[in-house]
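Colleague: Next up, model.cif (mmCIF, N, CA and C atoms).
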```cif
data_input
#
loop_
_atom_site.label_atom_id
_atom_site.label_comp_id
_atom_site.auth_asym_id
_atom_site.auth_seq_id
_atom_site.Cartn_x
_atom_site.Cartn_y
_atom_site.Cartn_z
N MET A 219 5.36 -14.90 -1.01
CA MET A 219 5.58 -13.86 -0.05
C MET A 219 4.67 -14.07 1.15
N THR A 220 5.18 -13.78 2.29
CA THR A 220 4.41 -13.95 3.51
C THR A 220 3.17 -13.07 3.48
N GLY A 221 2.01 -13.71 3.59
CA GLY A 221 0.77 -12.98 3.65
C GLY A 221 0.19 -12.59 2.30
N SER A 222 0.96 -12.58 1.25
CA SER A 222 0.48 -12.12 -0.04
C SER A 222 -0.41 -13.16 -0.71
N ASP A 223 -1.48 -12.66 -1.30
CA ASP A 223 -2.36 -13.51 -2.09
C ASP A 223 -2.05 -13.38 -3.58
N LEU A 224 -1.22 -12.43 -3.94
CA LEU A 224 -0.90 -12.15 -5.33
C LEU A 224 0.41 -12.82 -5.70
N SER A 225 0.40 -13.61 -6.75
CA SER A 225 1.63 -14.23 -7.23
C SER A 225 2.41 -13.20 -8.04
N SER A 226 3.70 -13.16 -7.83
CA SER A 226 4.53 -12.23 -8.59
C SER A 226 4.91 -12.79 -9.95
N ALA A 227 4.54 -14.03 -10.21
CA ALA A 227 4.94 -14.70 -11.45
C ALA A 227 4.49 -13.96 -12.71
N GLY A 228 3.30 -13.40 -12.72
CA GLY A 228 2.79 -12.73 -13.91
C GLY A 228 3.04 -11.24 -13.95
N LEU A 229 3.80 -10.72 -12.99
CA LEU A 229 4.03 -9.28 -12.90
C LEU A 229 5.34 -8.88 -13.56
N ASP A 230 5.38 -7.66 -14.09
CA ASP A 230 6.63 -7.13 -14.62
C ASP A 230 7.58 -6.84 -13.46
N ALA A 231 8.84 -6.57 -13.77
CA ALA A 231 9.88 -6.39 -12.74
C ALA A 231 9.54 -5.26 -11.76
N ARG A 232 9.00 -4.16 -12.27
CA ARG A 232 8.68 -3.03 -11.39
C ARG A 232 7.59 -3.42 -10.40
N ARG A 233 6.55 -4.06 -10.86
CA ARG A 233 5.46 -4.47 -9.98
C ARG A 233 5.93 -5.54 -8.97
N ARG A 234 6.82 -6.43 -9.38
CA ARG A 234 7.37 -7.43 -8.43
C ARG A 234 8.12 -6.73 -7.31
N ARG A 235 8.94 -5.73 -7.65
CA ARG A 235 9.68 -4.97 -6.64
C ARG A 235 8.72 -4.26 -5.69
N ILE A 236 7.70 -3.63 -6.25
CA ILE A 236 6.73 -2.90 -5.43
C ILE A 236 6.00 -3.86 -4.50
N LEU A 237 5.59 -5.02 -5.02
CA LEU A 237 4.90 -6.01 -4.19
C LEU A 237 5.79 -6.46 -3.03
N PHE A 238 7.04 -6.72 -3.31
CA PHE A 238 7.98 -7.13 -2.27
C PHE A 238 8.10 -6.03 -1.21
N ARG A 239 8.28 -4.80 -1.64
CA ARG A 239 8.42 -3.68 -0.70
C ARG A 239 7.15 -3.45 0.12
N ALA A 240 5.99 -3.64 -0.49
CA ALA A 240 4.72 -3.42 0.20
C ALA A 240 4.54 -4.42 1.34
N TRP A 241 5.03 -5.66 1.17
CA TRP A 241 4.86 -6.68 2.19
C TRP A 241 6.01 -6.72 3.19
N ARG A 242 7.02 -5.91 2.98
CA ARG A 242 8.18 -5.90 3.89
C ARG A 242 8.52 -4.48 4.30
N ARG A 243 7.60 -3.87 5.04
CA ARG A 243 7.72 -2.48 5.44
C ARG A 243 8.58 -2.30 6.69
N GLY A 244 8.45 -3.20 7.62
CA GLY A 244 9.15 -3.04 8.90
C GLY A 244 8.18 -3.10 10.06
N MET A 245 7.07 -2.39 9.94
CA MET A 245 5.99 -2.47 10.94
C MET A 245 4.95 -3.45 10.41
N ARG A 246 4.62 -4.43 11.20
CA ARG A 246 3.67 -5.46 10.74
C ARG A 246 2.34 -4.84 10.29
N GLU A 247 1.86 -3.82 11.02
CA GLU A 247 0.61 -3.17 10.63
C GLU A 247 0.71 -2.59 9.22
N MET A 248 1.84 -2.00 8.92
CA MET A 248 2.01 -1.40 7.60
C MET A 248 2.24 -2.47 6.54
N ASP A 249 2.86 -3.59 6.91
CA ASP A 249 2.97 -4.71 5.97
C ASP A 249 1.57 -5.12 5.52
N ILE A 250 0.67 -5.23 6.49
CA ILE A 250 -0.69 -5.68 6.19
C ILE A 250 -1.43 -4.65 5.33
N VAL A 251 -1.38 -3.39 5.73
CA VAL A 251 -2.10 -2.35 4.99
C VAL A 251 -1.55 -2.22 3.57
N MET A 252 -0.25 -2.04 3.46
CA MET A 252 0.35 -1.81 2.15
C MET A 252 0.34 -3.09 1.31
N GLY A 253 0.61 -4.22 1.94
CA GLY A 253 0.64 -5.49 1.21
C GLY A 253 -0.72 -5.88 0.67
N ARG A 254 -1.73 -5.78 1.49
CA ARG A 254 -3.08 -6.12 1.01
C ARG A 254 -3.54 -5.18 -0.08
N PHE A 255 -3.21 -3.91 0.08
CA PHE A 255 -3.56 -2.94 -0.97
C PHE A 255 -2.86 -3.31 -2.27
N ALA A 256 -1.58 -3.64 -2.19
CA ALA A 256 -0.83 -4.03 -3.39
C ALA A 256 -1.43 -5.29 -4.01
N ASP A 257 -1.76 -6.27 -3.19
CA ASP A 257 -2.37 -7.50 -3.70
C ASP A 257 -3.63 -7.18 -4.51
N ALA A 258 -4.45 -6.29 -3.99
CA ALA A 258 -5.73 -5.98 -4.60
C ALA A 258 -5.62 -5.06 -5.82
N ARG A 259 -4.67 -4.14 -5.81
CA ARG A 259 -4.67 -3.07 -6.81
C ARG A 259 -3.47 -3.04 -7.76
N LEU A 260 -2.38 -3.65 -7.37
CA LEU A 260 -1.13 -3.51 -8.13
C LEU A 260 -1.24 -3.90 -9.61
N PRO A 261 -1.84 -5.03 -9.94
CA PRO A 261 -1.87 -5.41 -11.36
C PRO A 261 -2.55 -4.39 -12.26
N GLY A 262 -3.54 -3.68 -11.76
CA GLY A 262 -4.27 -2.73 -12.58
C GLY A 262 -3.82 -1.29 -12.49
N MET A 263 -2.77 -1.03 -11.71
CA MET A 263 -2.32 0.36 -11.54
C MET A 263 -1.69 0.91 -12.82
N SER A 264 -1.99 2.18 -13.09
CA SER A 264 -1.35 2.90 -14.20
C SER A 264 0.08 3.27 -13.79
N GLU A 265 0.83 3.78 -14.74
CA GLU A 265 2.20 4.22 -14.43
C GLU A 265 2.19 5.34 -13.40
N ALA A 266 1.25 6.27 -13.53
CA ALA A 266 1.16 7.37 -12.57
C ALA A 266 0.81 6.85 -11.18
N GLU A 267 -0.07 5.87 -11.10
CA GLU A 267 -0.42 5.27 -9.80
C GLU A 267 0.76 4.51 -9.22
N LEU A 268 1.52 3.82 -10.06
CA LEU A 268 2.73 3.14 -9.58
C LEU A 268 3.71 4.16 -9.01
N ASP A 269 3.87 5.29 -9.69
CA ASP A 269 4.75 6.35 -9.19
C ASP A 269 4.29 6.82 -7.81
N ALA A 270 2.98 7.06 -7.67
CA ALA A 270 2.43 7.54 -6.39
C ALA A 270 2.60 6.49 -5.31
N PHE A 271 2.40 5.23 -5.64
CA PHE A 271 2.54 4.15 -4.65
C PHE A 271 4.00 4.01 -4.22
N GLU A 272 4.92 4.13 -5.15
CA GLU A 272 6.34 4.07 -4.79
C GLU A 272 6.73 5.23 -3.87
N ARG A 273 6.17 6.41 -4.10
CA ARG A 273 6.44 7.53 -3.20
C ARG A 273 5.93 7.21 -1.80
N LEU A 274 4.77 6.59 -1.71
CA LEU A 274 4.24 6.19 -0.39
C LEU A 274 5.14 5.14 0.25
N LEU A 275 5.66 4.23 -0.54
CA LEU A 275 6.55 3.19 0.00
C LEU A 275 7.85 3.80 0.54
N ASP A 276 8.23 4.96 0.04
CA ASP A 276 9.43 5.64 0.52
C ASP A 276 9.20 6.39 1.83
N ALA A 277 7.94 6.60 2.19
CA ALA A 277 7.62 7.33 3.43
C ALA A 277 7.87 6.43 4.64
N PRO A 278 8.35 7.01 5.74
CA PRO A 278 8.56 6.22 6.96
C PRO A 278 7.24 5.67 7.50
N ASP A 279 7.29 4.44 7.99
CA ASP A 279 6.08 3.78 8.50
C ASP A 279 5.31 4.60 9.52
N PRO A 280 5.96 5.15 10.55
CA PRO A 280 5.19 5.90 11.55
C PRO A 280 4.41 7.08 10.95
N GLU A 281 5.04 7.78 10.00
CA GLU A 281 4.36 8.91 9.36
C GLU A 281 3.19 8.43 8.51
N LEU A 282 3.43 7.41 7.72
CA LEU A 282 2.39 6.87 6.84
C LEU A 282 1.20 6.35 7.65
N LEU A 283 1.49 5.66 8.73
CA LEU A 283 0.42 5.15 9.60
C LEU A 283 -0.39 6.31 10.20
N ALA A 284 0.30 7.37 10.61
CA ALA A 284 -0.39 8.53 11.18
C ALA A 284 -1.28 9.20 10.13
N TRP A 285 -0.86 9.23 8.88
CA TRP A 285 -1.69 9.81 7.82
C TRP A 285 -2.92 8.94 7.59
N ILE A 286 -2.72 7.63 7.56
CA ILE A 286 -3.83 6.71 7.29
C ILE A 286 -4.86 6.75 8.41
N THR A 287 -4.40 6.82 9.66
CA THR A 287 -5.31 6.82 10.79
C THR A 287 -5.90 8.20 11.07
N GLY A 288 -5.39 9.22 10.41
CA GLY A 288 -5.89 10.58 10.61
C GLY A 288 -5.26 11.28 11.80
N GLU A 289 -4.23 10.69 12.39
CA GLU A 289 -3.55 11.33 13.52
C GLU A 289 -2.73 12.53 13.08
N SER A 290 -2.29 12.52 11.84
CA SER A 290 -1.53 13.64 11.27
C SER A 290 -2.13 13.98 9.91
N PRO A 291 -2.07 15.25 9.53
CA PRO A 291 -2.57 15.60 8.21
C PRO A 291 -1.67 15.02 7.11
N VAL A 292 -2.28 14.69 6.02
CA VAL A 292 -1.54 14.14 4.88
C VAL A 292 -0.87 15.29 4.14
N PRO A 293 0.45 15.24 3.98
CA PRO A 293 1.12 16.30 3.22
C PRO A 293 0.58 16.35 1.79
N ALA A 294 0.55 17.53 1.23
CA ALA A 294 -0.02 17.73 -0.11
C ALA A 294 0.62 16.82 -1.15
N ALA A 295 1.91 16.57 -1.04
CA ALA A 295 2.60 15.73 -2.02
C ALA A 295 2.09 14.29 -2.01
N PHE A 296 1.51 13.86 -0.90
CA PHE A 296 1.03 12.49 -0.77
C PHE A 296 -0.49 12.40 -0.82
N ASP A 297 -1.18 13.52 -0.82
CA ASP A 297 -2.63 13.54 -0.80
C ASP A 297 -3.17 13.37 -2.21
N THR A 298 -3.15 12.14 -2.67
CA THR A 298 -3.53 11.80 -4.04
C THR A 298 -4.77 10.91 -4.03
N PRO A 299 -5.40 10.72 -5.18
CA PRO A 299 -6.51 9.76 -5.24
C PRO A 299 -6.09 8.36 -4.82
N LEU A 300 -4.86 7.97 -5.13
CA LEU A 300 -4.37 6.66 -4.72
C LEU A 300 -4.29 6.57 -3.20
N PHE A 301 -3.81 7.63 -2.55
CA PHE A 301 -3.75 7.63 -1.09
C PHE A 301 -5.16 7.54 -0.49
N ALA A 302 -6.12 8.22 -1.10
CA ALA A 302 -7.50 8.15 -0.61
C ALA A 302 -8.02 6.71 -0.66
N ARG A 303 -7.70 5.99 -1.74
CA ARG A 303 -8.11 4.58 -1.83
C ARG A 303 -7.36 3.74 -0.80
N LEU A 304 -6.08 4.02 -0.60
CA LEU A 304 -5.30 3.30 0.40
C LEU A 304 -5.86 3.55 1.80
N GLY A 305 -6.19 4.79 2.10
CA GLY A 305 -6.73 5.12 3.41
C GLY A 305 -8.07 4.49 3.68
N ALA A 306 -8.86 4.27 2.64
CA ALA A 306 -10.17 3.64 2.80
C ALA A 306 -10.06 2.13 2.91
N ALA A 307 -8.97 1.55 2.44
CA ALA A 307 -8.82 0.09 2.39
C ALA A 307 -8.87 -0.56 3.77
N PRO A 308 -8.16 -0.05 4.80
CA PRO A 308 -8.25 -0.72 6.11
C PRO A 308 -9.66 -0.70 6.69
N ALA A 309 -10.36 0.40 6.53
CA ALA A 309 -11.74 0.47 7.04
C ALA A 309 -12.63 -0.51 6.30
N ALA A 310 -12.44 -0.62 4.99
CA ALA A 310 -13.23 -1.57 4.20
C ALA A 310 -12.94 -3.00 4.62
N SER A 311 -11.67 -3.29 4.91
CA SER A 311 -11.30 -4.63 5.36
C SER A 311 -11.97 -4.96 6.68
N LEU A 312 -12.03 -3.99 7.59
CA LEU A 312 -12.69 -4.21 8.87
C LEU A 312 -14.18 -4.45 8.67
N ARG A 313 -14.82 -3.66 7.81
CA ARG A 313 -16.25 -3.85 7.55
C ARG A 313 -16.51 -5.24 6.97
N ASP A 314 -15.64 -5.68 6.03
CA ASP A 314 -15.80 -7.00 5.44
C ASP A 314 -15.64 -8.10 6.46
N ALA A 315 -14.69 -7.95 7.39
CA ALA A 315 -14.45 -8.95 8.42
C ALA A 315 -15.63 -9.03 9.39
N GLU A 316 -16.25 -7.89 9.69
CA GLU A 316 -17.38 -7.86 10.61
C GLU A 316 -18.62 -8.50 10.00
N SER A 317 -18.76 -8.45 8.69
CA SER A 317 -19.95 -8.98 8.05
C SER A 317 -19.90 -10.49 7.85
N THR A 318 -18.75 -11.11 8.05
CA THR A 318 -18.64 -12.57 7.87
C THR A 318 -18.83 -13.31 9.16
#
```
Show me the file's structure as structure tokens.

Modeller:
Amino acid sequence: MTGSDLSSAGLDARRRRILFRAWRRGMREMDIVMGRFADARLPGMSEAELDAFERLLDAPDPELLAWITGESPVPAAFDTPLFARLGAAPAASLRDAEST
């Protein structure tokens, strides 16, 4: 997959589908945010976390980006611990890039 560091070879069918969807969002910025998050976290996600991530994948890119950047409030249905980790991931990536 373009940009993905995670091989889908060892993943079950559901995780392979999620990985594909995470890297093919439509907006390149969201491909990077969602794809990198999936690469890092997907193999260890519980069923409940997979459910929450799939709900996020169903959200339109502009809305999801606005929630992540804080431009719009996160709706209660999406304001989960998984979303909090997703929202922190881009900032962490920037901090890591600055330290190298």

Colleague: Give me, as a list in words, all polymer residues having an atom no more than 8 Å from Leu275 in chain A, counting only C-alpha atoms and skipping those fewer than 6 positions away in the same chain.

Modeller: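 With the cut-off at 8 Å, the set is Arg239, Ala240 and Arg243 of chain A.
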
Colleague: In Å, with one decimal, what is the gap from atom C of Asp297 in chain A to atom C of Pro261 in chain A?

Modeller: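 Answer for the atom C of Asp297 in chain A to atom C of Pro261 in chain A separation: 20.4 Å.
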
Colleague: Have a look at atom N of Phe271 in chain A and atom N of Arg234 in chain A and let me know their distance in Å, one decimal.

Modeller: 13.0 Å

Colleague: Would you list, as a VMD selection string, the residues of range 231-315 of chain A that end up in alpha helix (DSSP H) under DSSP run on this structure's backbone?

Modeller: chain A and resid 231 to 241 246 to 259 265 to 276 279 to 287 299 to 315

Colleague: Expressed in Å to a single decimal, how great is the separation between atom C of Pro278 in chain A and atom N of Phe296 in chain A?

Modeller: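 So the two atoms, atom C of Pro278 in chain A and atom N of Phe296 in chain A, lie 13.1 Å apart.
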
Colleague: On this file, the PyMOL selection byres ((chain A and resi 280-291) around 8) gives some set of residues; write that set as JSON, numbers by chain.

Modeller: {"A": [245, 247, 248, 274, 277, 278, 279, 292, 293, 294, 301, 304, 305, 306]}

Colleague: Can you pull out every residue within 7 Å of Gly253 in chain A, counting only C-alpha atoms, but drop anything in the same chain fewer than 4 positions away, and send it as a list of chain:residue names?

Modeller: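 Once the adjacent positions are removed, what remains is A:Ser222, A:Leu237, A:Ala240, A:Trp241, A:Asp249, A:Asp257.
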
Colleague: From the list A:Pro299, A:Ile250, A:Glu272, A:Met263, which residue is nearest Ile236 in chain A when using all atoms listed in the file?

Modeller: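 Once distances to Ile236 in chain A are computed over all atoms listed in the file, the minimum belongs to A:Glu272.
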